[in-house]
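Source file: work.cif; contents: mmCIF, C-alpha atoms.
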data_input
#
loop_
_atom_site.label_atom_id
_atom_site.label_comp_id
_atom_site.auth_asym_id
_atom_site.auth_seq_id
_atom_site.Cartn_x
_atom_site.Cartn_y
_atom_site.Cartn_z
CA PRO A 61 35.15 151.64 2.27
CA ARG A 62 36.54 148.97 -0.04
CA ARG A 63 34.22 146.20 -1.03
CA PRO A 64 35.19 142.79 0.36
CA GLY A 65 36.87 140.57 -2.19
CA PRO A 66 36.40 136.85 -2.64
CA PRO A 67 37.58 134.68 0.26
CA THR A 68 41.17 133.50 -0.10
CA THR A 69 42.08 129.86 0.09
CA GLY A 70 45.87 130.18 0.28
CA ARG A 71 46.15 130.04 4.06
CA PRO A 72 44.03 126.87 4.55
CA ALA A 73 45.91 125.26 1.67
CA ARG A 74 49.24 126.03 3.30
CA ARG A 75 47.94 124.67 6.59
CA PHE A 76 46.77 121.48 4.86
CA ARG A 77 50.17 121.01 3.24
CA GLY A 78 51.87 121.62 6.59
CA GLU A 79 49.74 119.01 8.34
CA TRP A 80 50.82 116.44 5.78
CA ALA A 81 54.52 117.26 6.10
CA PRO A 82 55.15 114.43 8.63
CA ALA A 83 53.49 111.97 6.21
CA VAL A 84 55.81 113.09 3.42
CA VAL A 85 58.83 112.59 5.69
CA ALA A 86 57.63 109.12 6.69
CA ALA A 87 57.02 108.12 3.08
CA ALA A 88 60.48 109.37 2.09
CA PHE A 89 61.94 107.37 4.97
CA THR A 90 60.34 104.18 3.66
CA LEU A 91 61.52 104.88 0.11
CA ALA A 92 65.07 105.61 1.32
CA GLN A 93 65.17 102.27 3.14
CA LEU A 94 64.13 100.39 0.02
CA LEU A 95 66.69 102.20 -2.13
CA LEU A 96 69.68 102.41 0.20
CA VAL A 97 69.36 99.26 2.33
CA ARG A 98 69.15 96.21 0.09
CA PRO A 99 65.87 94.30 0.70
CA GLY A 100 67.71 91.07 -0.15
CA MET A 101 70.28 91.54 2.63
CA GLY A 102 70.52 88.34 4.66
CA LEU A 103 69.38 88.05 8.25
CA GLY A 104 71.87 88.74 11.01
CA TRP A 105 72.24 86.41 13.97
CA ASP A 106 69.90 88.38 16.26
CA GLU A 107 67.35 88.65 13.47
CA SER A 108 67.54 84.91 12.86
CA VAL A 109 66.78 84.25 16.51
CA TYR A 110 63.72 86.49 16.50
CA VAL A 111 62.37 85.33 13.14
CA SER A 112 62.91 81.63 13.88
CA GLN A 113 60.50 81.81 16.82
CA VAL A 114 57.55 82.14 14.42
CA ALA A 115 58.93 80.74 11.16
CA ALA A 116 57.32 77.55 9.91
CA HIS A 117 60.31 76.66 7.73
CA ALA A 118 63.03 76.62 10.43
CA PRO A 119 63.45 75.42 14.04
CA ALA A 120 63.35 78.02 16.79
CA ALA A 121 66.81 79.16 17.88
CA PHE A 122 67.78 79.38 21.55
CA PHE A 123 66.07 82.41 23.12
CA SER A 124 68.37 83.97 25.71
CA ALA A 125 67.24 85.77 28.85
CA PRO A 126 67.59 89.43 27.70
CA ARG A 127 65.40 88.97 24.63
CA ALA A 128 61.70 89.75 24.42
CA ARG A 129 59.24 88.38 21.88
CA GLY A 130 57.90 91.65 20.50
CA VAL A 131 59.96 91.46 17.32
CA SER A 132 58.82 87.88 16.75
CA LEU A 133 55.20 89.01 16.97
CA LEU A 134 55.97 91.93 14.64
CA VAL A 135 57.39 89.74 11.87
CA ALA A 136 54.90 86.87 12.30
CA PRO A 137 52.47 88.08 9.58
CA VAL A 138 55.21 87.49 6.98
CA ALA A 139 57.65 85.03 8.58
CA ALA A 140 54.92 82.56 9.53
CA TRP A 141 54.26 81.66 5.89
CA SER A 142 57.18 82.96 3.79
CA SER A 143 60.93 82.46 3.95
CA SER A 144 61.60 85.46 1.68
CA THR A 145 64.00 87.87 3.34
CA ALA A 146 63.27 90.54 0.70
CA LEU A 147 59.54 90.37 1.44
CA LEU A 148 60.22 90.63 5.16
CA ARG A 149 62.42 93.70 4.69
CA ILE A 150 59.89 95.44 2.45
CA TYR A 151 57.17 94.73 5.01
CA LEU A 152 59.30 96.16 7.82
CA ALA A 153 60.31 99.22 5.76
CA VAL A 154 56.67 100.09 5.08
CA LEU A 155 55.67 99.40 8.68
CA SER A 156 58.55 101.48 10.08
CA GLY A 157 57.53 104.44 7.90
CA LEU A 158 53.94 104.18 9.14
CA ALA A 159 55.15 103.94 12.74
CA LEU A 160 57.30 107.06 12.31
CA PHE A 161 54.31 109.00 10.98
CA LEU A 162 52.10 107.94 13.91
CA ALA A 163 54.85 108.78 16.40
CA LEU A 164 55.31 112.26 14.93
CA ARG A 165 51.58 112.94 14.88
CA ALA A 166 51.42 112.08 18.57
CA TRP A 167 53.03 115.52 19.05
CA ARG A 168 50.22 117.44 17.33
CA GLY A 169 49.20 120.39 19.43
CA VAL A 170 52.49 120.22 21.33
CA PHE A 171 54.70 121.37 18.44
CA PRO A 172 53.68 122.61 14.98
CA ALA A 173 53.64 120.22 12.02
CA ARG A 174 56.79 121.82 10.59
CA VAL A 175 58.64 120.93 13.81
CA GLN A 176 57.26 117.38 13.70
CA ALA A 177 58.41 116.99 10.09
CA THR A 178 61.86 118.45 10.81
CA ALA A 179 62.27 116.14 13.81
CA GLY A 180 61.27 113.17 11.69
CA ALA A 181 63.74 114.15 8.98
CA LEU A 182 66.58 114.58 11.48
CA PHE A 183 65.92 111.16 13.01
CA ALA A 184 65.14 109.32 9.77
CA THR A 185 68.31 110.44 7.97
CA LEU A 186 70.70 109.04 10.56
CA TRP A 187 72.50 106.04 9.06
CA VAL A 188 71.63 103.90 12.05
CA THR A 189 67.90 104.68 11.68
CA LEU A 190 67.89 103.88 7.97
CA TYR A 191 69.90 100.71 8.53
CA TYR A 192 67.74 99.28 11.32
CA GLY A 193 64.32 100.42 10.04
CA PRO A 194 63.87 97.33 7.82
CA GLN A 195 65.61 94.92 10.22
CA ALA A 196 63.95 92.48 12.61
CA MET A 197 65.46 94.18 15.65
CA PRO A 198 63.71 95.85 18.61
CA ASN A 199 65.59 99.12 19.03
CA TYR A 200 63.90 101.16 16.29
CA TRP A 201 60.48 100.14 17.60
CA VAL A 202 61.37 101.16 21.14
CA ALA A 203 62.48 104.50 19.69
CA VAL A 204 59.27 105.34 17.82
CA ALA A 205 57.14 104.03 20.69
CA ALA A 206 59.06 106.22 23.17
CA LEU A 207 58.55 109.19 20.85
CA ALA A 208 54.81 108.50 20.61
CA CYS A 209 54.48 107.88 24.35
CA THR A 210 56.16 111.16 25.31
CA GLY A 211 54.12 113.22 22.85
CA SER A 212 50.86 111.57 23.91
CA PHE A 213 51.78 112.08 27.56
CA LEU A 214 52.24 115.82 27.04
CA ARG A 215 48.93 116.07 25.19
CA ALA A 216 47.14 114.13 27.93
CA GLN A 217 48.61 116.45 30.55
CA ALA A 218 47.45 119.51 28.64
CA ASP A 219 43.92 118.17 28.09
CA ARG A 220 42.52 115.64 30.53
CA PHE A 221 39.62 114.95 28.15
CA ASP A 222 41.87 113.89 25.27
CA ARG A 223 41.06 110.18 25.08
CA SER A 224 43.22 109.60 22.03
CA ALA A 225 46.24 110.85 23.99
CA LEU A 226 45.52 108.39 26.80
CA TRP A 227 45.26 105.57 24.29
CA GLY A 228 48.52 106.74 22.75
CA VAL A 229 50.29 106.56 26.11
CA GLY A 230 49.00 103.09 26.91
CA LEU A 231 49.57 101.53 23.49
CA SER A 232 53.03 102.99 22.97
CA ALA A 233 54.10 101.93 26.47
CA ALA A 234 52.84 98.43 25.68
CA VAL A 235 54.84 98.34 22.44
CA MET A 236 58.01 99.29 24.33
CA GLY A 237 57.30 96.58 26.88
CA TRP A 238 56.79 93.98 24.14
CA MET A 239 60.06 94.93 22.49
CA ARG A 240 62.41 95.51 25.44
CA PRO A 241 60.82 95.73 28.92
CA VAL A 242 63.87 97.18 30.67
CA ASP A 243 64.33 99.84 27.99
CA ALA A 244 60.65 100.72 28.37
CA VAL A 245 61.18 101.47 32.06
CA TRP A 246 64.21 103.68 31.37
CA ALA A 247 62.42 105.60 28.59
CA THR A 248 59.36 106.35 30.74
CA LEU A 249 61.15 106.90 34.06
CA PRO A 250 60.94 110.75 33.90
CA LEU A 251 57.21 110.52 33.12
CA LEU A 252 56.65 108.26 36.13
CA VAL A 253 58.66 110.61 38.35
CA LEU A 254 56.54 113.57 37.24
CA LEU A 255 53.27 111.70 37.79
CA VAL A 256 54.25 110.51 41.26
CA GLY A 257 56.54 113.22 42.61
CA VAL A 258 55.19 116.53 41.27
CA ARG A 259 51.80 117.58 42.58
CA ARG A 260 50.61 119.61 39.59
CA TRP A 261 51.48 116.70 37.27
CA ARG A 262 49.56 114.08 39.23
CA ARG A 263 46.88 112.46 37.11
CA PRO A 264 45.66 109.11 38.46
CA ALA A 265 44.10 108.12 35.12
CA LEU A 266 47.29 108.93 33.22
CA LEU A 267 49.48 107.11 35.74
CA ALA A 268 47.23 104.05 35.58
CA THR A 269 47.30 104.13 31.78
CA LEU A 270 51.09 104.36 31.65
CA LEU A 271 51.62 101.63 34.23
CA GLY A 272 48.96 99.48 32.60
CA GLY A 273 50.64 99.81 29.21
CA LEU A 274 54.04 98.88 30.62
CA ALA A 275 52.55 95.94 32.51
CA ALA A 276 50.64 94.69 29.46
CA GLY A 277 53.74 94.86 27.31
CA ALA A 278 56.05 93.22 29.83
CA ALA A 279 53.57 90.59 31.05
CA GLU A 280 54.69 87.87 28.65
CA TRP A 281 58.37 88.49 29.47
CA VAL A 282 57.66 88.27 33.23
CA ILE A 283 55.52 85.14 32.90
CA GLU A 284 58.16 83.50 30.73
CA ALA A 285 60.74 84.36 33.37
CA PHE A 286 58.92 82.14 35.91
CA VAL A 287 58.10 79.41 33.40
CA SER A 288 61.47 79.05 31.66
CA TYR A 289 64.18 80.99 33.51
CA GLY A 290 63.72 80.24 37.19
CA GLY A 291 61.97 83.45 38.18
CA LEU A 292 62.16 87.17 37.43
CA ALA A 293 65.25 87.82 39.55
CA GLN A 294 67.06 84.90 37.91
CA ARG A 295 66.16 86.10 34.42
CA LEU A 296 67.42 89.60 35.19
CA SER A 297 70.62 88.11 36.60
CA ASP A 298 71.09 85.92 33.52
CA ALA A 299 70.44 88.90 31.26
CA SER A 300 73.07 90.93 33.08
CA ARG A 301 75.60 88.11 32.82
CA ILE A 302 74.98 87.61 29.09
CA GLN A 303 75.51 91.32 28.52
CA GLY A 304 78.86 91.23 30.28
CA GLY A 305 77.71 92.16 33.77
CA LEU A 306 75.69 95.35 34.13
CA GLY A 307 77.29 97.91 36.39
CA TRP A 308 79.23 101.14 36.19
CA HIS A 309 80.88 101.12 32.75
CA VAL A 310 81.60 104.37 30.92
CA ALA A 311 80.80 103.40 27.33
CA VAL A 312 80.74 106.90 25.82
CA THR A 313 83.97 106.35 23.90
CA ASP A 314 82.73 102.93 22.83
CA GLN A 315 79.66 104.53 21.29
CA LEU A 316 81.90 107.03 19.51
CA ARG A 317 83.95 104.18 18.03
CA ALA A 318 80.77 102.54 16.76
CA LEU A 319 79.62 105.65 14.86
CA GLY A 320 81.82 104.76 11.90
CA GLY A 321 79.51 101.91 10.88
CA ARG A 322 80.24 99.12 13.37
CA THR A 323 76.97 97.41 14.20
CA LEU A 324 78.47 95.84 17.33
CA CYS A 325 81.51 97.06 19.22
CA ARG A 326 82.35 94.19 21.61
CA PRO A 327 85.14 94.42 22.56
CA CYS A 328 85.43 98.04 21.50
CA THR A 329 89.13 98.57 20.88
CA GLY A 330 89.35 100.30 17.49
CA ALA A 331 90.16 103.93 16.79
CA VAL A 332 87.57 106.69 17.06
CA PRO A 333 86.30 107.62 13.56
CA SER A 334 87.40 110.85 11.93
CA ALA A 335 85.98 114.21 13.01
CA PRO A 336 83.46 114.56 10.13
CA VAL A 337 81.84 111.27 11.19
CA THR A 338 81.59 112.13 14.89
CA LEU A 339 80.99 115.90 14.73
CA TRP A 340 77.20 115.56 14.80
CA TRP A 341 77.44 113.47 17.97
CA TYR A 342 79.38 116.23 19.74
CA ALA A 343 77.00 118.89 18.42
CA LEU A 344 73.84 117.07 19.52
CA PRO A 345 74.08 117.82 23.28
CA VAL A 346 75.03 121.43 22.51
CA PHE A 347 71.93 121.87 20.36
CA ALA A 348 69.84 120.15 23.04
CA VAL A 349 71.03 122.58 25.73
CA LEU A 350 70.42 125.57 23.45
CA ALA A 351 66.93 124.27 22.70
CA ALA A 352 66.20 123.99 26.42
CA VAL A 353 67.51 127.49 27.19
CA ILE A 354 65.57 129.17 24.39
CA ALA A 355 62.36 127.27 25.16
CA VAL A 356 62.55 128.13 28.88
CA ARG A 357 63.19 131.81 28.12
CA ALA A 358 60.16 131.79 25.83
CA ARG A 359 58.09 130.32 28.70
CA ARG A 360 57.27 127.17 26.73
CA GLY A 361 59.96 124.86 27.99
CA THR A 362 57.83 122.08 29.48
CA ALA A 363 57.62 119.90 26.37
CA THR A 364 61.28 120.48 25.54
CA LEU A 365 62.50 119.59 29.01
CA VAL A 366 60.33 116.48 29.25
CA ALA A 367 61.54 115.21 25.87
CA LEU A 368 65.18 115.83 26.81
CA ALA A 369 64.72 114.14 30.19
CA CYS A 370 63.29 111.03 28.53
CA ALA A 371 66.12 111.07 25.98
CA ALA A 372 68.76 111.29 28.71
CA SER A 373 67.08 108.57 30.76
CA SER A 374 66.86 106.15 27.82
CA ALA A 375 70.52 106.76 26.90
CA PHE A 376 71.90 106.47 30.42
CA PRO A 377 72.15 102.65 30.74
CA TYR A 378 73.87 102.33 27.35
CA LEU A 379 76.36 105.09 28.09
CA PHE A 380 77.20 104.22 31.69
CA LEU A 381 75.96 100.75 32.68
CA ILE A 382 77.10 98.40 29.90
CA GLY A 383 80.58 97.41 28.87
CA TYR A 384 80.17 97.48 25.09
CA ALA A 385 78.39 99.51 22.43
CA ALA A 386 76.14 99.30 19.40
CA PRO A 387 74.76 102.35 17.59
CA ARG A 388 71.21 100.97 17.69
CA PHE A 389 71.15 101.17 21.50
CA LEU A 390 70.79 104.97 21.36
CA LEU A 391 67.98 105.10 18.80
CA PRO A 392 65.33 106.00 21.45
CA ALA A 393 67.48 108.88 22.67
CA TYR A 394 68.03 110.14 19.12
CA ALA A 395 64.30 110.05 18.38
CA LEU A 396 63.39 111.98 21.52
CA VAL A 397 66.12 114.61 21.27
CA ALA A 398 65.24 115.24 17.62
CA VAL A 399 62.04 117.08 18.60
CA PRO A 400 63.62 119.85 20.73
CA VAL A 401 66.49 120.21 18.24
CA ALA A 402 64.00 120.52 15.38
CA ASP A 403 62.10 123.18 17.32
CA LEU A 404 65.37 125.08 17.80
CA LEU A 405 66.27 124.89 14.10
CA VAL A 406 62.81 126.06 13.01
CA ARG A 407 63.00 128.97 15.44
CA LEU A 408 66.42 129.98 14.13
CA VAL A 409 65.26 129.89 10.52
CA ARG A 410 62.11 131.88 11.28
CA ALA A 411 63.85 134.50 13.47
CA PRO A 412 63.17 138.06 12.25
CA GLY A 413 65.83 140.06 10.46
CA ARG A 414 66.31 141.02 6.82
CA ILE A 415 69.92 139.81 6.77
CA ARG A 416 70.14 137.44 9.72
CA ARG A 417 67.23 135.24 8.65
CA PRO A 418 68.50 134.27 5.15
CA LEU A 419 72.06 133.98 6.45
CA THR A 420 70.97 131.61 9.21
CA ALA A 421 68.93 129.56 6.75
CA ALA A 422 71.88 129.31 4.35
CA LEU A 423 74.33 128.24 7.08
CA LEU A 424 71.94 125.64 8.50
CA THR A 425 71.25 124.28 5.02
CA LEU A 426 74.97 123.85 4.35
CA ALA A 427 75.52 122.21 7.74
CA LEU A 428 72.61 119.81 7.29
CA ALA A 429 73.72 118.96 3.74
CA GLY A 430 77.18 118.06 5.03
CA HIS A 431 75.67 116.02 7.86
CA LEU A 432 73.43 114.19 5.39
CA ALA A 433 76.37 113.39 3.13
CA VAL A 434 78.34 111.92 6.05
CA GLN A 435 75.39 109.78 7.16
CA PHE A 436 74.92 108.33 3.67
CA VAL A 437 78.63 107.62 3.29
CA VAL A 438 78.63 105.67 6.56
CA LEU A 439 75.44 103.88 5.57
#

I need this file expressed as structure tokens, please.
Amino acid sequence: PRRPGPPTTGRPARRFRGEWAPAVVAAAFTLAQLLLVRPGMGLGWDESVYVSQVAAHAPAAFFSAPRARGVSLLVAPVAAWSSSTALLRIYLAVLSGLALFLALRAWRGVFPARVQATAGALFATLWVTLYYGPQAMPNYWVAVAALACTGSFLRAQADRFDRSALWGVGLSAAVMGWMRPVDAVWATLPLLVLLVGVRRWRRPALLATLLGGLAAGAAEWVIEAFVSYGGLAQRLSDASRIQGGLGWHVAVTDQLRALGGRTLCRPCTGAVPSAPVTLWWYALPVFAVLAAVIAVRARRGTATLVALACAASSAFPYLFLIGYAAPRFLLPAYALVAVPVADLLVRLVRAPGRIRRPLTAALLTLALAGHLAVQFVVL
């Protein structure tokens, strides 16, 4: 028999590097914001409204019914004492990178670290993600909170003794409620349906945590509705009117028109951008369906289907219930769908085959490089 050699350290080292892959992606995301989105870029109108609520150097702008005060609380540590837009953007860029890392790590144990990192890279390299990461706007924060909430929910379902997962569900639901209460309900609707309507998913502690997080986040918005807007029903009615009257509006084409770099498409009457700009948007649902099919066939489709259900639910009101479009509206859907798509891409690259595996890797690399180039051109 051969004598045992010295213990190898290569495998633990590779595992350590893999665990830190989401952190590398998040750090690169922050750096890309600082390099590609000018920190000195002036505040937009919506940003001015949010920042003015806590700024000591300017009067508070009129706060309309649809808005929530989460962004104002987010920027208060800087805006309360400094009028520097550059400092505010740097602060938000660093904070958005940290939030992306925490949201990706909420999926630990559900998907491998390489899938988390790939999902983060797919989401972080979209022009709309890079553009709104350092802005005082709520949509990015709803997106990362929805991502964290869904991952924590799946972990809590798998292990009822995982206290950190329960905390993740409650805190991320509260963040969504602080930022946009109605969006928080849409993003968590599939989770609530599973907890209430499917017997094997019923977990009273998890349901209470999710509802408690949503209630804690939305409490200020609801209280303010009675104090300043004539009640909750009146505030919801005013919010609908300000947004053009919520109802059945097919805004899919409007969202397509906005992909070329329009931050607000209202009214949305321009031409649809060229095929290279919109191709990824057509490919996204195809990849999502393929991810679902492959995951179900492999008997590990639960996480994939839950993520896709939350993505579809969060996108639904902005595709079918509002009469205008803005690319930032779909950020929560993009964040959630990135995880199943990343799992699909990793599976394709790691599929066995002496010829098929390198060929697949080469084709995906070329496709992703082209996609990245288009996103940066639009940005």

Might you pull out every residue within 6 Å of stretch 157-162 of chain A, with only C-alpha atoms counted and same-chain residues fewer than 2 positions away left off, and present them as a compact mmCIF listing (two decimals) with C-alpha atoms, keeping the file's coordinate frame?
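What ended up in around08.txt:
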# COMPACT_ATOMS: atom_id res chain seq x y z
CA PRO A 82 55.15 114.43 8.63
CA ALA A 83 53.49 111.97 6.21
CA ALA A 86 57.63 109.12 6.69
CA THR A 90 60.34 104.18 3.66
CA VAL A 154 56.67 100.09 5.08
CA LEU A 155 55.67 99.40 8.68
CA LEU A 164 55.31 112.26 14.93
CA ARG A 165 51.58 112.94 14.88

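Picture a line from atom CA of A:Leu339 to atom CA of A:Ala395; it runs 18.1 Å.
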
Do you know which residues the PyMOL selection byres ((chain A and resi 98-104) around 10) returns on this file, as a PDB file with C-alpha atoms, in the frame of the given file?
ATOM      1  CA  GLN A  93      65.170 102.270   3.140  1.00  0.00           C
ATOM      2  CA  LEU A  94      64.130 100.390   0.020  1.00  0.00           C
ATOM      3  CA  LEU A  95      66.690 102.200  -2.130  1.00  0.00           C
ATOM      4  CA  LEU A  96      69.680 102.410   0.200  1.00  0.00           C
ATOM      5  CA  VAL A  97      69.360  99.260   2.330  1.00  0.00           C
ATOM      6  CA  TRP A 105      72.240  86.410  13.970  1.00  0.00           C
ATOM      7  CA  ASP A 106      69.900  88.380  16.260  1.00  0.00           C
ATOM      8  CA  GLU A 107      67.350  88.650  13.470  1.00  0.00           C
ATOM      9  CA  SER A 108      67.540  84.910  12.860  1.00  0.00           C
ATOM     10  CA  VAL A 109      66.780  84.250  16.510  1.00  0.00           C
ATOM     11  CA  VAL A 111      62.370  85.330  13.140  1.00  0.00           C
ATOM     12  CA  SER A 144      61.600  85.460   1.680  1.00  0.00           C
ATOM     13  CA  THR A 145      64.000  87.870   3.340  1.00  0.00           C
ATOM     14  CA  ALA A 146      63.270  90.540   0.700  1.00  0.00           C
ATOM     15  CA  LEU A 147      59.540  90.370   1.440  1.00  0.00           C
ATOM     16  CA  LEU A 148      60.220  90.630   5.160  1.00  0.00           C
ATOM     17  CA  ARG A 149      62.420  93.700   4.690  1.00  0.00           C
ATOM     18  CA  ILE A 150      59.890  95.440   2.450  1.00  0.00           C
ATOM     19  CA  TYR A 151      57.170  94.730   5.010  1.00  0.00           C
ATOM     20  CA  LEU A 152      59.300  96.160   7.820  1.00  0.00           C
ATOM     21  CA  ALA A 153      60.310  99.220   5.760  1.00  0.00           C
ATOM     22  CA  TYR A 191      69.900 100.710   8.530  1.00  0.00           C
ATOM     23  CA  PRO A 194      63.870  97.330   7.820  1.00  0.00           C
ATOM     24  CA  GLN A 195      65.610  94.920  10.220  1.00  0.00           C
ATOM     25  CA  ALA A 196      63.950  92.480  12.610  1.00  0.00           C
ATOM     26  CA  MET A 197      65.460  94.180  15.650  1.00  0.00           C
TER      27      MET A 197
END

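Relative to atom CA of A:Ala184, atom CA of A:Leu408 is found at 21.2 Å.
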
Which residues, protein or nucleic acid, reach to within 12 Å of (52.3, 124.2, 16.3) in the file's coordinates when using only C-alpha atoms, and can you give that as a ChimeraX atom specification? /A:75,78-79,165,167-177,360,403,406-407

Just say which residues the PyMOL selection byres ((chain A and resi 248) around 10) picks in this file, as a ChimeraX atom specification. /A:206,209-210,233,236,243-247,249-253,270-271,274,369-371,373-374

In Å to one decimal, how far is atom CA of A:Ala120 from atom CA of A:Ala140? 12.0 Å

Can you list, as a PDB file with C-alpha atoms, in the coordinates of the input, the residues that the PyMOL selection byres ((chain A and resi 345) around 12) selects here?
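Saved the output as out_23.pdb:
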ATOM      1  CA  LEU A 339      80.990 115.900  14.730  1.00  0.00           C
ATOM      2  CA  TRP A 340      77.200 115.560  14.800  1.00  0.00           C
ATOM      3  CA  TRP A 341      77.440 113.470  17.970  1.00  0.00           C
ATOM      4  CA  TYR A 342      79.380 116.230  19.740  1.00  0.00           C
ATOM      5  CA  ALA A 343      77.000 118.890  18.420  1.00  0.00           C
ATOM      6  CA  LEU A 344      73.840 117.070  19.520  1.00  0.00           C
ATOM      7  CA  VAL A 346      75.030 121.430  22.510  1.00  0.00           C
ATOM      8  CA  PHE A 347      71.930 121.870  20.360  1.00  0.00           C
ATOM      9  CA  ALA A 348      69.840 120.150  23.040  1.00  0.00           C
ATOM     10  CA  VAL A 349      71.030 122.580  25.730  1.00  0.00           C
ATOM     11  CA  LEU A 350      70.420 125.570  23.450  1.00  0.00           C
ATOM     12  CA  ALA A 351      66.930 124.270  22.700  1.00  0.00           C
ATOM     13  CA  ALA A 352      66.200 123.990  26.420  1.00  0.00           C
ATOM     14  CA  LEU A 368      65.180 115.830  26.810  1.00  0.00           C
ATOM     15  CA  ALA A 371      66.120 111.070  25.980  1.00  0.00           C
ATOM     16  CA  ALA A 372      68.760 111.290  28.710  1.00  0.00           C
ATOM     17  CA  ALA A 393      67.480 108.880  22.670  1.00  0.00           C
ATOM     18  CA  TYR A 394      68.030 110.140  19.120  1.00  0.00           C
ATOM     19  CA  VAL A 397      66.120 114.610  21.270  1.00  0.00           C
ATOM     20  CA  ALA A 398      65.240 115.240  17.620  1.00  0.00           C
ATOM     21  CA  PRO A 400      63.620 119.850  20.730  1.00  0.00           C
ATOM     22  CA  VAL A 401      66.490 120.210  18.240  1.00  0.00           C
TER      23      VAL A 401
END

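Among the candidates A:Ala88, A:Val353, A:Ala411, A:Phe286, the residue lying nearest to A:Thr185 is A:Ala88 (atoms considered: all atoms listed in the file).
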